[in-house]
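S.K.: Below: one structure in structure tokens.
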Amino acid sequence: MAQDSAIVGWLRLARRPGRAAALTGLLVVQVICVSFFLIDVVADLLGWAGLLDEIGHHYFELAIVLALILSTAATVVDMRRLRARQLRMEAQLRVASGAFMELLEEHFDAWVLTRAERDVALLSIKGLSIAEIAEVRRTKEGTVKAQCNAIYSKAGVTGRQQLLSLFIEELMADGVGRARVPA
């Protein structure tokens, strides 16, 4: 029972704001344990009996095994917590990505962009150069430049940077999923 409360205490410690200090402490405990067992094995191999008397030696080994059990349990809890956090962050990223695409589509609809202009605008926002967009779309660079100018005119911006910043500012100001559609 006392051992269970000690484990619960260590596990709670690993979830608190001072978690880094607790994990560092666990790492130190693990290094001490490894060092002890390494010295113990070397002493046994070299026949150096008497480094610790037998009773003290067994109690020390028991304490080290308990420390290893506690640190292993805390590591498992921390790994589960980190995995859950990773899954939450991946879900949030999927939501943000979907919200950004919805925002793009809403603006493209409001600006009455043609299908070709939508493609060019999306590739431009993704960071492709005029030449790269022309290559991807299998068209001439002059056509892409004309489409970019039409997009910028409809969006009320002067270039690619302003077009991209328009979306970034809106996402930052209104929050993901609550973006405004231009009039």
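Every chain in the structure tokens takes a letter, A first, then B, and so on in the order presented; its residues are numbered from 1, and the ligands are numbered from 1 following the presented order.
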Could you pull the residues within 10 Å of Val120 (chain A), counting only C-alpha atoms, minus those fewer than 2 positions along the same chain, as a ChimeraX atom specification?
M.R.: /A:114-118,122-126,128,130,133-134,136-137,144-145,147-148,151
S.K.: Between CA of Gly98 (chain A) and CA of Ala155 (chain A), what distance in Å does the model show, to one decimal?
M.R.: 21.2 Å
S.K.: Could you please determine the separation between CA of Ala43 (chain A) and CA of Leu70 (chain A) in Å, to one decimal place?
M.R.: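 Pair CA of Ala43 (chain A) / CA of Leu70 (chain A) returns 26.3 Å.
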S.K.: Record the distance separating CA of Ile32 (chain A) and CA of Ala73 (chain A), expressed in Å with one decimal.
M.R.: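 Going from CA of Ile32 (chain A) over to CA of Ala73 (chain A), I get 17.2 Å.
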S.K.: Between A:Ser71, A:Asp78, A:Gln161, A:Arg19, which one has atoms that come closest to Val31 (chain A), using only C-alpha atoms?
M.R.: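 Smallest separation from Val31 (chain A) among the options: A:Ser71.
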S.K.: Nearest residue to Phe108 (chain A) out of A:Leu163, A:Ile69, A:Leu38, A:Leu27, using only C-alpha atoms?
M.R.: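 With only C-alpha atoms as the atom set, the closest residue is A:Leu163.
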S.K.: Can you list, as a compact mmCIF listing (two decimals) with N, CA and C atoms, in the first residue's frame, every protein, DNA or RNA residue that comes within 12 Å of Val65 (chain A) when you count only C-alpha atoms, leaving out same-chain residues fewer than 3 positions away?
M.R.:
```txt
# COMPACT_ATOMS: atom_id res chain seq x y z
N VAL A 29 18.51 9.04 -11.05
CA VAL A 29 18.29 7.78 -10.34
C VAL A 29 18.67 6.60 -11.23
N GLN A 30 18.27 6.67 -12.50
CA GLN A 30 18.59 5.58 -13.42
C GLN A 30 20.09 5.46 -13.63
N ILE A 32 22.42 6.30 -11.49
CA ILE A 32 22.96 5.73 -10.25
C ILE A 32 22.73 4.21 -10.22
N CYS A 33 21.52 3.80 -10.63
CA CYS A 33 21.21 2.36 -10.65
C CYS A 33 22.12 1.61 -11.61
N VAL A 34 22.28 2.14 -12.79
CA VAL A 34 23.15 1.50 -13.78
C VAL A 34 24.57 1.43 -13.25
N PHE A 36 25.58 1.38 -10.12
CA PHE A 36 25.68 0.38 -9.06
C PHE A 36 25.77 -1.02 -9.64
N PHE A 37 24.84 -1.33 -10.56
CA PHE A 37 24.84 -2.69 -11.12
C PHE A 37 26.12 -2.97 -11.91
N HIS A 58 21.93 -6.45 -0.23
CA HIS A 58 20.60 -6.84 -0.68
C HIS A 58 19.59 -5.71 -0.52
N TYR A 59 19.67 -5.00 0.60
CA TYR A 59 18.77 -3.85 0.78
C TYR A 59 19.03 -2.77 -0.27
N PHE A 60 20.29 -2.56 -0.55
CA PHE A 60 20.64 -1.55 -1.55
C PHE A 60 20.13 -1.98 -2.93
N GLU A 61 20.30 -3.25 -3.26
CA GLU A 61 19.77 -3.75 -4.53
C GLU A 61 18.25 -3.61 -4.59
N LEU A 62 17.57 -3.91 -3.49
CA LEU A 62 16.11 -3.77 -3.44
C LEU A 62 15.70 -2.32 -3.66
N LEU A 68 14.10 1.83 -9.98
CA LEU A 68 13.96 1.54 -11.41
C LEU A 68 12.49 1.31 -11.79
N ILE A 69 11.75 0.64 -10.93
CA ILE A 69 10.32 0.42 -11.18
C ILE A 69 9.59 1.76 -11.23
N LEU A 70 9.88 2.64 -10.27
CA LEU A 70 9.24 3.96 -10.24
C LEU A 70 9.60 4.78 -11.47
N SER A 71 10.86 4.76 -11.84
CA SER A 71 11.26 5.56 -13.00
C SER A 71 10.69 4.98 -14.29
N THR A 72 10.57 3.67 -14.36
CA THR A 72 9.95 3.04 -15.54
C THR A 72 8.47 3.42 -15.62
```
S.K.: Using DSSP on the backbone, list every residue of chain A that comes out as alpha helix (DSSP H), and give them as a ChimeraX atom specification.
M.R.: /A:2-15,19-46,54-110,115-125,130-137,141-155,160-174
S.K.: Of the candidates A:Ile64, A:Asp119, A:Leu23, A:Ala96, which shows the shortest atom-to-atom distance to Val77 (chain A), using only C-alpha atoms?
M.R.: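 Nearest candidate to Val77 (chain A) out of A:Ile64, A:Asp119, A:Leu23, A:Ala96: A:Leu23.
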